[in-house]
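Here's run_27.cif, which has mmCIF, C-alpha atoms:
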data_protein
#
loop_
_atom_site.label_atom_id
_atom_site.label_comp_id
_atom_site.auth_asym_id
_atom_site.auth_seq_id
_atom_site.Cartn_x
_atom_site.Cartn_y
_atom_site.Cartn_z
CA MET X 1 0.00 0.00 0.00
CA SER X 2 2.74 2.46 0.96
CA HIS X 3 4.44 1.69 -2.38
CA ASP X 4 1.24 2.71 -4.19
CA ILE X 5 1.38 6.06 -2.43
CA LEU X 6 5.12 6.32 -3.08
CA GLU X 7 4.62 5.49 -6.75
CA ARG X 8 1.95 8.15 -7.04
CA ARG X 9 4.30 10.71 -5.52
CA TYR X 10 7.15 9.69 -7.76
CA ARG X 11 4.81 9.89 -10.75
CA ALA X 12 4.07 13.49 -9.76
CA LEU X 13 7.81 14.23 -9.76
CA LEU X 14 8.16 12.58 -13.16
CA ARG X 15 6.16 15.44 -14.56
CA ALA X 16 9.45 17.33 -14.63
CA TYR X 17 10.08 15.34 -17.84
CA PRO X 18 8.36 16.14 -21.14
CA ALA X 19 5.29 13.98 -21.89
CA ASP X 20 6.84 11.98 -24.74
CA TYR X 21 9.94 11.14 -22.69
CA ARG X 22 7.76 10.19 -19.74
CA GLN X 23 5.76 7.86 -21.90
CA GLU X 24 8.91 6.08 -23.00
CA ARG X 25 10.86 5.96 -19.74
CA ALA X 26 8.43 6.31 -16.81
CA ASP X 27 8.22 2.55 -16.21
CA GLU X 28 11.99 2.12 -16.19
CA LEU X 29 12.50 5.05 -13.84
CA LEU X 30 9.73 3.87 -11.52
CA GLU X 31 11.17 0.37 -11.36
CA ILE X 32 14.43 1.74 -9.97
CA LEU X 33 12.75 4.22 -7.66
CA ILE X 34 10.39 1.64 -6.16
CA SER X 35 12.92 -1.22 -6.03
CA GLU X 36 15.38 0.98 -4.15
CA ALA X 37 12.83 2.09 -1.55
CA PRO X 38 12.23 0.23 1.74
CA ALA X 39 8.69 -1.25 2.00
CA THR X 40 7.65 1.36 4.59
CA ARG X 41 8.72 4.44 2.61
CA ARG X 42 5.84 6.76 1.74
CA TRP X 43 7.68 9.87 0.58
CA PRO X 44 10.26 10.11 -2.22
CA ASP X 45 13.91 9.91 -1.22
CA PRO X 46 15.21 13.53 -1.39
CA ARG X 47 18.34 12.46 -3.35
CA GLN X 48 16.21 10.65 -5.94
CA ALA X 49 13.70 13.52 -6.05
CA VAL X 50 16.36 16.17 -6.72
CA ALA X 51 18.03 14.00 -9.38
CA LEU X 52 14.66 13.34 -11.07
CA VAL X 53 13.69 16.99 -11.24
CA ARG X 54 17.08 18.10 -12.55
CA ALA X 55 17.23 15.27 -15.08
CA GLY X 56 13.70 16.13 -16.23
CA LEU X 57 14.66 19.77 -16.69
CA ARG X 58 17.76 18.75 -18.64
CA VAL X 59 15.65 16.62 -20.97
CA ARG X 60 13.32 19.57 -21.47
CA SER X 61 16.26 21.71 -22.56
CA GLY X 62 17.13 19.10 -25.20
CA SER X 63 19.75 16.87 -23.56
CA ALA X 64 18.12 13.70 -24.91
CA ALA X 65 17.35 15.20 -28.33
CA ARG X 66 19.28 14.40 -31.47
CA ARG X 67 20.19 18.10 -31.83
CA PRO X 68 20.38 19.54 -28.29
CA THR X 69 21.63 22.97 -29.34
CA ALA X 70 18.79 23.34 -31.86
CA VAL X 71 16.20 22.49 -29.19
CA LEU X 72 17.81 24.93 -26.77
CA PHE X 73 17.93 27.71 -29.37
CA TRP X 74 14.45 27.39 -30.91
CA GLN X 75 12.57 26.64 -27.72
CA GLY X 76 14.61 29.30 -25.89
CA LEU X 77 13.55 31.79 -28.58
CA HIS X 78 9.89 30.90 -28.10
CA LEU X 79 10.13 31.17 -24.30
CA ALA X 80 12.00 34.47 -24.60
CA ALA X 81 9.20 35.96 -26.71
CA MET X 82 6.62 34.76 -24.18
CA ALA X 83 8.60 36.12 -21.23
CA VAL X 84 9.10 39.54 -22.84
CA LEU X 85 5.39 39.85 -23.70
CA ALA X 86 4.37 38.64 -20.24
CA LEU X 87 6.62 41.16 -18.52
CA GLY X 88 5.29 43.92 -20.79
CA ALA X 89 1.72 42.88 -19.92
CA VAL X 90 2.47 42.88 -16.18
CA ILE X 91 4.03 46.36 -16.35
CA GLY X 92 1.14 47.57 -18.53
CA LEU X 93 -1.43 46.14 -16.12
CA ASP X 94 0.28 47.79 -13.17
CA ASP X 95 0.32 51.17 -14.93
CA THR X 96 -3.31 50.83 -16.04
CA ILE X 97 -4.46 50.04 -12.50
CA GLU X 98 -2.45 53.00 -11.24
CA ARG X 99 -4.11 55.27 -13.81
CA PHE X 100 -7.54 54.18 -12.59
CA GLU X 101 -6.50 54.72 -8.99
CA PHE X 102 -5.45 58.30 -9.75
CA GLY X 103 -8.47 59.68 -11.57
CA GLY X 104 -8.62 57.42 -14.60
CA LEU X 105 -12.25 56.57 -13.90
CA ASP X 106 -13.17 60.13 -14.89
CA ASP X 107 -12.01 59.48 -18.44
CA PRO X 108 -11.74 55.74 -19.05
CA LEU X 109 -11.45 56.20 -22.83
CA ASP X 110 -8.20 58.08 -22.33
CA VAL X 111 -6.83 55.24 -20.19
CA LEU X 112 -7.96 52.72 -22.75
CA LEU X 113 -6.20 54.56 -25.56
CA ASP X 114 -3.06 55.41 -23.58
CA ASP X 115 -2.52 52.09 -21.80
CA GLY X 116 -5.37 49.67 -22.47
CA ALA X 117 -4.73 49.08 -26.18
CA ASN X 118 -1.13 48.09 -25.58
CA LEU X 119 -2.10 45.86 -22.66
CA ILE X 120 -4.88 44.07 -24.54
CA MET X 121 -2.84 43.48 -27.68
CA THR X 122 0.27 42.39 -25.81
CA ALA X 123 -1.81 39.97 -23.74
CA ALA X 124 -3.49 38.65 -26.90
CA ALA X 125 -0.12 38.06 -28.60
CA LEU X 126 1.11 36.30 -25.45
CA ALA X 127 -1.98 34.08 -25.26
CA THR X 128 -1.73 32.98 -28.89
CA LEU X 129 1.97 32.28 -28.48
CA ALA X 130 1.25 30.20 -25.37
CA LEU X 131 -1.32 28.25 -27.36
CA GLY X 132 1.30 27.55 -30.02
CA ARG X 133 -0.41 29.65 -32.72
CA GLN X 134 2.87 31.07 -33.97
CA ARG X 135 1.59 32.72 -37.16
CA LEU X 136 -1.31 34.46 -35.47
CA ALA X 137 1.06 35.53 -32.69
CA ALA X 138 3.37 37.09 -35.30
CA VAL X 139 0.50 39.16 -36.69
CA LEU X 140 -0.68 40.19 -33.22
CA VAL X 141 2.77 41.14 -31.98
CA VAL X 142 3.28 43.47 -34.97
CA ALA X 143 -0.22 44.86 -34.36
CA ALA X 144 0.70 45.35 -30.67
CA ILE X 145 3.37 47.78 -31.82
CA ALA X 146 1.37 49.60 -34.51
CA VAL X 147 -2.18 49.88 -33.14
CA PRO X 148 -1.48 51.29 -29.64
CA THR X 149 1.13 53.69 -31.07
CA ALA X 150 -1.40 54.94 -33.62
CA ALA X 151 -4.08 55.25 -30.90
CA SER X 152 -1.92 57.21 -28.45
CA GLN X 153 1.63 58.52 -28.39
CA ASN X 154 1.77 58.27 -24.59
CA LEU X 155 3.75 55.02 -24.20
CA PHE X 156 5.90 55.60 -27.28
CA ALA X 157 6.81 59.21 -26.36
CA ASN X 158 7.78 58.17 -22.84
CA SER X 159 9.61 55.11 -24.13
CA MET X 160 7.78 52.94 -21.60
CA PRO X 161 8.96 49.35 -21.05
CA GLN X 162 5.53 47.97 -22.02
CA TRP X 163 5.79 49.76 -25.38
CA TRP X 164 9.14 48.08 -25.93
CA ALA X 165 7.79 44.62 -25.07
CA PRO X 166 6.21 43.82 -28.48
CA VAL X 167 9.13 45.59 -30.21
CA VAL X 168 11.63 43.24 -28.53
CA ALA X 169 9.33 40.24 -28.93
CA ALA X 170 8.57 40.76 -32.63
CA PRO X 171 11.92 39.58 -34.05
CA LEU X 172 11.86 36.61 -31.66
CA VAL X 173 8.35 35.59 -32.76
CA LEU X 174 9.12 36.13 -36.45
CA ALA X 175 12.35 34.14 -36.20
CA GLY X 176 10.42 31.38 -34.40
CA LEU X 177 8.36 30.85 -37.57
CA ARG X 178 11.44 29.22 -39.08
CA ARG X 179 11.72 26.52 -36.37
CA PRO X 180 12.88 23.30 -38.05
CA ALA X 181 10.39 20.43 -38.19
CA ASP X 182 12.59 18.11 -36.11
CA VAL X 183 12.63 20.53 -33.16
CA PRO X 184 9.52 20.00 -31.01
CA ALA X 185 7.39 22.94 -29.92
CA VAL X 186 7.45 23.98 -26.27
CA GLU X 187 4.79 22.11 -24.25
CA ARG X 188 2.01 24.51 -23.35
CA GLY X 189 2.09 24.03 -19.57
CA ASN X 190 5.85 24.13 -19.51
CA GLY X 191 5.90 27.36 -21.51
CA VAL X 192 3.50 29.02 -19.08
CA LEU X 193 5.50 27.84 -16.05
CA ALA X 194 8.80 29.04 -17.52
CA THR X 195 7.24 32.41 -18.34
CA LEU X 196 5.88 32.78 -14.82
CA GLY X 197 9.33 31.92 -13.45
CA VAL X 198 11.03 34.64 -15.48
CA VAL X 199 8.37 37.25 -14.62
CA ALA X 200 8.63 36.31 -10.93
CA LEU X 201 12.36 37.03 -11.13
CA HIS X 202 11.52 40.63 -12.10
CA LEU X 203 9.06 40.96 -9.22
CA VAL X 204 11.78 40.30 -6.62
CA PRO X 205 11.89 43.55 -4.60
CA VAL X 206 15.64 44.13 -5.05
CA ASP X 207 15.18 47.90 -4.67
CA ARG X 208 13.87 47.43 -1.12
CA LEU X 209 17.25 46.18 0.02
CA SER X 210 18.08 49.82 0.69
CA ILE X 211 15.32 50.30 3.30
CA VAL X 212 16.39 51.29 6.78
CA ASP X 213 14.52 48.80 8.99
CA PRO X 214 16.99 45.94 9.51
CA VAL X 215 14.23 43.30 9.98
CA GLN X 216 12.54 44.19 6.71
CA GLN X 217 15.91 44.50 5.03
CA GLY X 218 16.81 41.00 6.26
CA LEU X 219 13.53 39.57 4.97
CA VAL X 220 14.00 41.20 1.58
CA ALA X 221 17.55 39.84 1.43
CA ILE X 222 16.30 36.32 2.21
CA VAL X 223 13.57 36.55 -0.45
CA THR X 224 16.03 37.94 -3.01
CA VAL X 225 18.72 35.34 -2.40
CA GLY X 226 16.12 32.53 -2.29
CA ALA X 227 14.47 33.61 -5.53
CA PHE X 228 17.74 33.94 -7.43
CA ALA X 229 19.08 30.69 -6.03
CA ALA X 230 15.88 28.90 -7.09
CA PHE X 231 16.05 30.46 -10.55
CA LEU X 232 19.69 29.50 -11.02
CA TRP X 233 19.06 25.97 -9.71
CA VAL X 234 16.40 25.46 -12.37
CA ALA X 235 18.20 27.41 -15.10
CA THR X 236 21.49 25.52 -14.77
CA ALA X 237 19.55 22.32 -15.57
CA ASP X 238 17.16 23.85 -18.13
CA GLN X 239 19.23 26.45 -19.93
CA ARG X 240 16.26 27.56 -22.04
CA LEU X 241 15.35 29.69 -19.01
CA LEU X 242 18.57 31.67 -19.35
CA LEU X 243 17.71 32.43 -22.98
CA ALA X 244 14.14 33.25 -21.97
CA ALA X 245 15.18 35.67 -19.24
CA ALA X 246 17.91 37.46 -21.21
CA PRO X 247 15.78 39.76 -23.44
CA THR X 248 13.46 40.70 -20.58
CA PHE X 249 16.30 42.77 -19.15
CA ALA X 250 16.22 44.83 -22.36
CA LEU X 251 12.85 46.43 -21.50
CA GLY X 252 14.09 48.40 -18.50
CA TRP X 253 17.40 49.09 -20.18
CA LEU X 254 15.79 50.51 -23.35
CA HIS X 255 13.48 52.73 -21.28
CA GLN X 256 16.44 53.96 -19.26
CA VAL X 257 18.63 54.61 -22.29
CA MET X 258 15.92 56.46 -24.21
CA VAL X 259 14.86 58.61 -21.25
CA TYR X 260 18.35 59.17 -19.83
CA PRO X 261 20.74 58.68 -22.77
CA GLU X 262 23.74 59.41 -20.55
CA SER X 263 23.00 56.18 -18.64
CA ALA X 264 23.65 54.06 -21.74
CA MET X 265 27.08 53.07 -20.53
CA SER X 266 26.08 52.64 -16.90
CA LEU X 267 26.34 49.06 -15.70
CA TYR X 268 24.31 49.73 -12.59
CA ARG X 269 20.74 50.91 -12.23
CA ALA X 270 19.31 51.15 -8.77
CA GLU X 271 15.76 50.17 -9.74
CA ALA X 272 16.60 46.99 -11.63
CA LEU X 273 19.29 44.38 -12.10
CA PRO X 274 22.43 45.35 -13.99
CA SER X 275 20.63 44.81 -17.21
CA MET X 276 22.44 44.05 -20.44
CA ILE X 277 25.49 42.52 -18.78
CA VAL X 278 23.24 40.01 -17.02
CA ALA X 279 21.38 39.34 -20.26
CA VAL X 280 24.53 38.68 -22.29
CA ALA X 281 25.99 36.54 -19.48
CA MET X 282 22.80 34.46 -19.47
CA VAL X 283 22.95 33.77 -23.20
CA LEU X 284 26.66 32.93 -23.10
CA GLY X 285 26.14 30.75 -20.02
CA ALA X 286 23.34 28.81 -21.70
CA LEU X 287 25.42 28.13 -24.80
CA ALA X 288 28.55 27.20 -22.84
CA MET X 289 26.67 24.77 -20.59
CA THR X 290 25.02 23.09 -23.56
CA ARG X 291 28.30 22.70 -25.44
CA ARG X 292 30.01 21.31 -22.34
CA ARG X 293 27.19 18.86 -21.78
CA GLN X 294 27.39 17.69 -25.38
CA ALA X 295 31.16 17.34 -25.30
CA ARG X 296 31.41 14.82 -22.45
CA ALA X 297 29.56 11.59 -21.87
CA MET E 1 33.91 5.38 -34.58
CA ARG E 2 35.64 7.16 -31.76
CA SER E 3 37.35 10.43 -32.52
CA PRO E 4 40.97 10.72 -31.36
CA SER E 5 40.14 14.02 -29.62
CA ARG E 6 37.37 12.48 -27.52
CA PRO E 7 37.44 13.87 -23.96
CA PRO E 8 37.72 11.38 -21.07
CA LEU E 9 34.56 9.65 -19.92
CA ARG E 10 32.93 10.89 -16.75
CA GLU E 11 33.03 8.44 -13.88
CA PRO E 12 29.30 7.50 -14.00
CA SER E 13 29.52 6.87 -17.77
CA TYR E 14 32.66 4.80 -17.29
CA PHE E 15 31.01 2.58 -14.70
CA VAL E 16 27.77 2.24 -16.65
CA LEU E 17 29.76 1.00 -19.65
CA ALA E 18 31.79 -1.26 -17.38
CA ALA E 19 28.59 -2.67 -15.85
CA LEU E 20 27.47 -3.80 -19.28
CA LEU E 21 30.71 -5.61 -20.15
CA ASP E 22 29.28 -8.95 -19.04
CA GLY E 23 26.15 -8.64 -21.14
CA ARG E 24 22.86 -6.79 -21.37
CA LEU E 25 21.23 -5.41 -18.22
CA HIS E 26 18.11 -3.42 -17.36
CA GLY E 27 18.23 -0.07 -15.54
CA TYR E 28 17.94 -1.29 -11.96
CA ALA E 29 20.54 -4.01 -12.55
CA VAL E 30 22.89 -1.34 -13.98
CA VAL E 31 22.49 0.75 -10.80
CA LYS E 32 23.32 -2.26 -8.62
CA ARG E 33 26.26 -3.37 -10.78
CA VAL E 34 27.75 0.13 -10.87
CA GLN E 35 27.57 0.31 -7.09
CA GLU E 36 29.25 -3.08 -6.81
CA LEU E 37 32.01 -2.30 -9.31
CA SER E 38 32.81 1.02 -7.68
CA ASP E 39 32.79 -0.43 -4.14
CA GLY E 40 29.72 1.62 -3.30
CA ARG E 41 31.37 4.91 -4.31
CA VAL E 42 29.15 5.63 -7.34
CA LYS E 43 25.47 5.52 -6.37
CA LEU E 44 23.42 6.52 -9.38
CA ALA E 45 20.02 8.05 -8.75
CA ALA E 46 17.36 7.01 -11.28
CA GLY E 47 17.31 10.42 -12.98
CA SER E 48 21.11 10.55 -13.21
CA LEU E 49 21.29 7.01 -14.61
CA TYR E 50 18.98 7.84 -17.49
CA SER E 51 20.83 11.10 -18.20
CA VAL E 52 23.95 8.96 -18.63
CA ILE E 53 22.12 6.29 -20.65
CA ASP E 54 20.60 8.93 -22.95
CA ARG E 55 24.04 10.43 -23.64
CA LEU E 56 25.62 7.04 -24.26
CA LEU E 57 22.74 6.02 -26.53
CA GLY E 58 23.16 9.30 -28.41
CA GLU E 59 26.86 8.62 -28.91
CA GLY E 60 26.16 5.10 -30.11
CA LEU E 61 28.07 3.49 -27.23
CA LEU E 62 24.94 1.63 -26.02
CA VAL E 63 21.83 0.24 -27.65
CA ALA E 64 18.49 -0.85 -26.27
CA ASP E 65 18.29 -4.62 -26.57
CA GLY E 66 14.87 -6.05 -25.83
CA GLU E 67 12.05 -5.28 -23.48
CA GLU E 68 9.83 -7.30 -21.14
CA ILE E 69 6.92 -6.59 -18.83
CA VAL E 70 7.64 -7.15 -15.13
CA ASN E 71 5.06 -6.27 -12.43
CA GLY E 72 3.04 -4.47 -15.08
CA ARG E 73 5.93 -2.19 -16.00
CA ALA E 74 8.02 -2.21 -19.18
CA ARG E 75 11.63 -3.15 -18.46
CA ARG E 76 14.16 -2.32 -21.19
CA TYR E 77 17.59 -3.89 -21.51
CA TYR E 78 20.76 -2.20 -22.71
CA ARG E 79 23.99 -3.58 -24.12
CA LEU E 80 27.35 -2.22 -25.24
CA THR E 81 28.00 -1.59 -28.92
CA ASP E 82 31.39 -2.26 -30.54
CA ASP E 83 32.12 1.46 -30.24
CA GLY E 84 31.16 1.28 -26.58
CA HIS E 85 33.63 -1.57 -26.03
CA ALA E 86 36.37 0.35 -27.84
CA VAL E 87 35.77 3.60 -25.93
CA LEU E 88 35.69 1.76 -22.60
CA ALA E 89 38.90 -0.15 -23.38
CA GLU E 90 40.62 3.05 -24.45
CA GLU E 91 39.51 4.85 -21.29
CA ALA E 92 40.69 1.96 -19.12
CA ASP E 93 44.10 2.10 -20.89
CA ARG E 94 44.30 5.84 -20.32
CA LEU E 95 43.52 5.48 -16.62
CA ALA E 96 46.00 2.60 -16.28
CA THR E 97 48.74 4.65 -17.96
CA ALA E 98 48.00 7.63 -15.75
CA ALA E 99 48.05 5.44 -12.65
CA ARG E 100 51.31 3.79 -13.73
CA VAL E 101 53.02 7.17 -14.05
CA VAL E 102 52.21 7.94 -10.44
CA HIS E 103 53.02 4.47 -9.12
CA ASP E 104 56.41 4.47 -10.89
CA ARG E 105 57.30 7.78 -9.32
CA LEU E 106 56.04 6.76 -5.91
CA SER E 107 58.28 3.69 -5.96
CA HIS E 108 61.32 5.74 -7.24
CA PRO E 109 60.76 9.17 -5.72
CA THR E 110 64.25 10.58 -6.49
CA SER E 111 64.07 9.94 -10.25
CA ALA E 112 61.14 12.34 -10.60
CA ARG E 113 62.92 15.35 -9.07
CA PRO E 114 63.73 17.99 -11.73
CA THR E 115 67.48 18.66 -12.15
CA PRO E 116 68.90 22.17 -12.71
CA GLY E 117 69.62 22.98 -16.35
CA ARG E 118 67.23 20.33 -17.60
CA ARG E 119 63.59 20.87 -18.50
CA SER E 120 61.31 19.59 -15.78
CA THR E 121 59.19 16.57 -16.55
CA TRP E 122 56.57 17.52 -13.97
CA ARG E 123 54.59 19.62 -16.38
CA THR E 124 54.06 16.72 -18.75
CA LEU E 125 52.49 14.54 -16.07
CA PRO E 126 48.73 14.17 -16.10
CA ALA E 127 46.92 16.27 -13.51
#
For the file at hand, write its structure as structure tokens.
Amino acid sequence: MSHDILERRYRALLRAYPADYRQERADELLEILISEAPATRRWPDPRQAVALVRAGLRVRSGSAARRPTAVLFWQGLHLAAMAVLALGAVIGLDDTIERFEFGGLDDPLDVLLDDGANLIMTAAALATLALGRQRLAAVLVVAAIAVPTAASQNLFANSMPQWWAPVVAAPLVLAGLRRPADVPAVERGNGVLATLGVVALHLVPVDRLSIVDPVQQGLVAIVTVGAFAAFLWVATADQRLLLAAAPTFALGWLHQVMVYPESAMSLYRAEALPSMIVAVAMVLGALAMTRRRQARA
Amino acid sequence: MRSPSRPPLREPSYFVLAALLDGRLHGYAVVKRVQELSDGRVKLAAGSLYSVIDRLLGEGLLVADGEEIVNGRARRYYRLTDDGHAVLAEEADRLATAARVVHDRLSHPTSARPTPGRRSTWRTLPA
């Protein structure tokens, strides 16, 4: 009986692997996991659990594919487009809510034209991309640049990060149309999870590290270190996340550079992570780890 | 065929190949055999084992060789290919040579000391 429960819990952990791999290997993996466990064990062995999750993430980033670098590149591109659009939508939503809080209800049409159009179109492009409708997403992402800019110059004139989101995402989505047939598409659920992970990274309150209260400062430090450690733990196994996160740093950087051109060469911005350096390091790290993994059996 | 510039095998891969020298085995038997051959030093978790197997399959050093149903679960067997044998033998030779270099010097410690005016041999020793 306890092995039934254990098997069910291990099966839950096996979801770290892509569905097709799971279908092929789940039985073999379970045989080892169950045979190794004492009859009374009800919860997965932590060593086995960690190894399963990391191995599953590695398979997702293409380690078991015939062309691992191609899987990493094309799926990374898709996830990057989703992450950029998602971050743009989150920033847009935050600004829209703020507009309503500060008198926007008096003239909702203005808010809709200034912020709403961008938010709706960015969210639509993101949703179609998440559903795997690449061609429709390409049309919508181009429309998410043109339509809101034609409706209102507000976001464009202020070089807002949410205006840049479809601009940065467009080449990624358009390039994704050329994904080779032997490279599988990103699984829907996995794409959504990866996107949420990257967006969560941007919601870490790094700027609050400078607050005076030592208790709050300590809590923020714990949250920050924990979040980045968790991200790196996942991303060193599934390097697609590094590619996905890289262009999201461009949104804040582009806003900063356009509004304060003198900050173009600054490596440090107080309100965000050191942007482009981190982004480039992420891409290089992803490629180096994949090449190293391929080179040695 | 193995390329001459092939990097050394990692320890888990080495022992997985070594475990299959006596014939085909299924995953759990490979885990047990690896543990036995390494005197309990290499304990492969299920996820790590299949990462190694996938890489070795990809390099053509292993092949899947038959499948049976045991306790309602599919059990797949793996065996070494000729390339797998060759790579394993080559790696064992490399390790033996590297070990011999150290053992020779340990048994004749003075002969390894660099002499002034002559180029040191220490740099050419494997790390």
Using only C-alpha atoms, what table do you get, as CSV, when you list each residue of chain E with an atom no more than 12 Å from chain X, its nearest pair of atoms, and their distance in Å rounded to one decimal, rows by chain then rising number?
residue,atom,partner,partner_atom,distance
E:Ser3,CA,X:Ala295,CA,11.8
E:Ser5,CA,X:Ala295,CA,10.5
E:Arg6,CA,X:Arg296,CA,8.2
E:Pro7,CA,X:Arg296,CA,6.3
E:Pro8,CA,X:Arg296,CA,7.3
E:Leu9,CA,X:Ala297,CA,5.7
E:Arg10,CA,X:Ala297,CA,6.2
E:Glu11,CA,X:Ala297,CA,9.3
E:Pro12,CA,X:Ala297,CA,8.9
E:Ser13,CA,X:Ala297,CA,6.3
E:Tyr14,CA,X:Ala297,CA,8.8
E:Phe15,CA,X:Ala297,CA,11.6
E:Val16,CA,X:Ala297,CA,10.9
E:Leu17,CA,X:Ala297,CA,10.8
E:His26,CA,X:Glu28,CA,8.3
E:Gly27,CA,X:Glu28,CA,6.6
E:Tyr28,CA,X:Ile32,CA,5.0
E:Ala29,CA,X:Ile32,CA,8.8
E:Val30,CA,X:Ile32,CA,9.9
E:Val31,CA,X:Ile32,CA,8.2
E:Lys32,CA,X:Glu36,CA,9.7
E:Lys43,CA,X:Arg47,CA,10.4
E:Leu44,CA,X:Gln48,CA,9.0
E:Ala45,CA,X:Gln48,CA,5.4
E:Ala46,CA,X:Leu29,CA,5.8
E:Gly47,CA,X:Leu52,CA,4.4
E:Ser48,CA,X:Ala51,CA,6.0
E:Leu49,CA,X:Leu29,CA,9.0
E:Tyr50,CA,X:Leu29,CA,7.9
E:Ser51,CA,X:Ala55,CA,6.3
E:Val52,CA,X:Ala297,CA,7.0
E:Ile53,CA,X:Ala297,CA,9.2
E:Asp54,CA,X:Ala64,CA,5.7
E:Arg55,CA,X:Ala297,CA,5.9
E:Leu56,CA,X:Ala297,CA,6.5
E:Leu57,CA,X:Ala64,CA,9.1
E:Gly58,CA,X:Arg66,CA,7.1
E:Glu59,CA,X:Ala297,CA,8.1
E:Gly60,CA,X:Ala297,CA,11.0
E:Leu61,CA,X:Ala297,CA,9.8
E:Leu62,CA,X:Ala297,CA,11.7
E:Glu67,CA,X:Glu28,CA,10.4
E:Glu68,CA,X:Glu28,CA,10.9
E:Ile69,CA,X:Asp27,CA,9.6
E:Val70,CA,X:Glu31,CA,9.1
E:Asn71,CA,X:Glu31,CA,9.1
E:Gly72,CA,X:Asp27,CA,8.8
E:Arg73,CA,X:Asp27,CA,5.3
E:Ala74,CA,X:Asp27,CA,5.6
E:Arg75,CA,X:Glu28,CA,5.7
E:Arg76,CA,X:Glu28,CA,7.0
E:Tyr77,CA,X:Glu28,CA,9.8
E:Tyr78,CA,X:Glu28,CA,11.8
E:Gly84,CA,X:Ala297,CA,11.4
E:Val87,CA,X:Ala297,CA,10.9
E:Leu88,CA,X:Ala297,CA,11.6
- Query: What is the distance, in Å and to one decimal place, between atom CA of X:His255 and atom CA of X:Leu87?
  - Reply: 13.7 Å
- Item | Contacts of stretch 285-292 of chain X within 8 Å, all atoms listed in the file, excl. fewer than 4 positions in-chain, as a ChimeraX atom specification | /X:68-69,236,239-240,242-243,281,296
Those residues with C-alpha atoms, as a PDB file, in the coordinates of the input please?
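As written to disk, out.pdb reads:
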ATOM      1  CA  PRO X  68      20.380  19.540 -28.290  1.00  0.00           C
ATOM      2  CA  THR X  69      21.630  22.970 -29.340  1.00  0.00           C
ATOM      3  CA  THR X 236      21.490  25.520 -14.770  1.00  0.00           C
ATOM      4  CA  GLN X 239      19.230  26.450 -19.930  1.00  0.00           C
ATOM      5  CA  ARG X 240      16.260  27.560 -22.040  1.00  0.00           C
ATOM      6  CA  LEU X 242      18.570  31.670 -19.350  1.00  0.00           C
ATOM      7  CA  LEU X 243      17.710  32.430 -22.980  1.00  0.00           C
ATOM      8  CA  ALA X 281      25.990  36.540 -19.480  1.00  0.00           C
ATOM      9  CA  ARG X 296      31.410  14.820 -22.450  1.00  0.00           C
TER      10      ARG X 296
END
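Interatomic distance, atom CA of X:Leu79 against atom CA of X:Pro180: 16.1 Å.
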- Query: If you measure from atom CA of X:Leu136 to atom CA of X:His78, what distance in Å do you get, rounded to one decimal?
  - Reply: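 If I compute the distance from atom CA of X:Leu136 to atom CA of X:His78, I get 13.9 Å.
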- Name the residues that the PyMOL selection byres ((chain X and resi 84) around 7) picks from the file above, as a VMD selection string, using the file's chain letters and numbers. chain X and resid 80 to 83 85 to 88 165 169 247 to 248
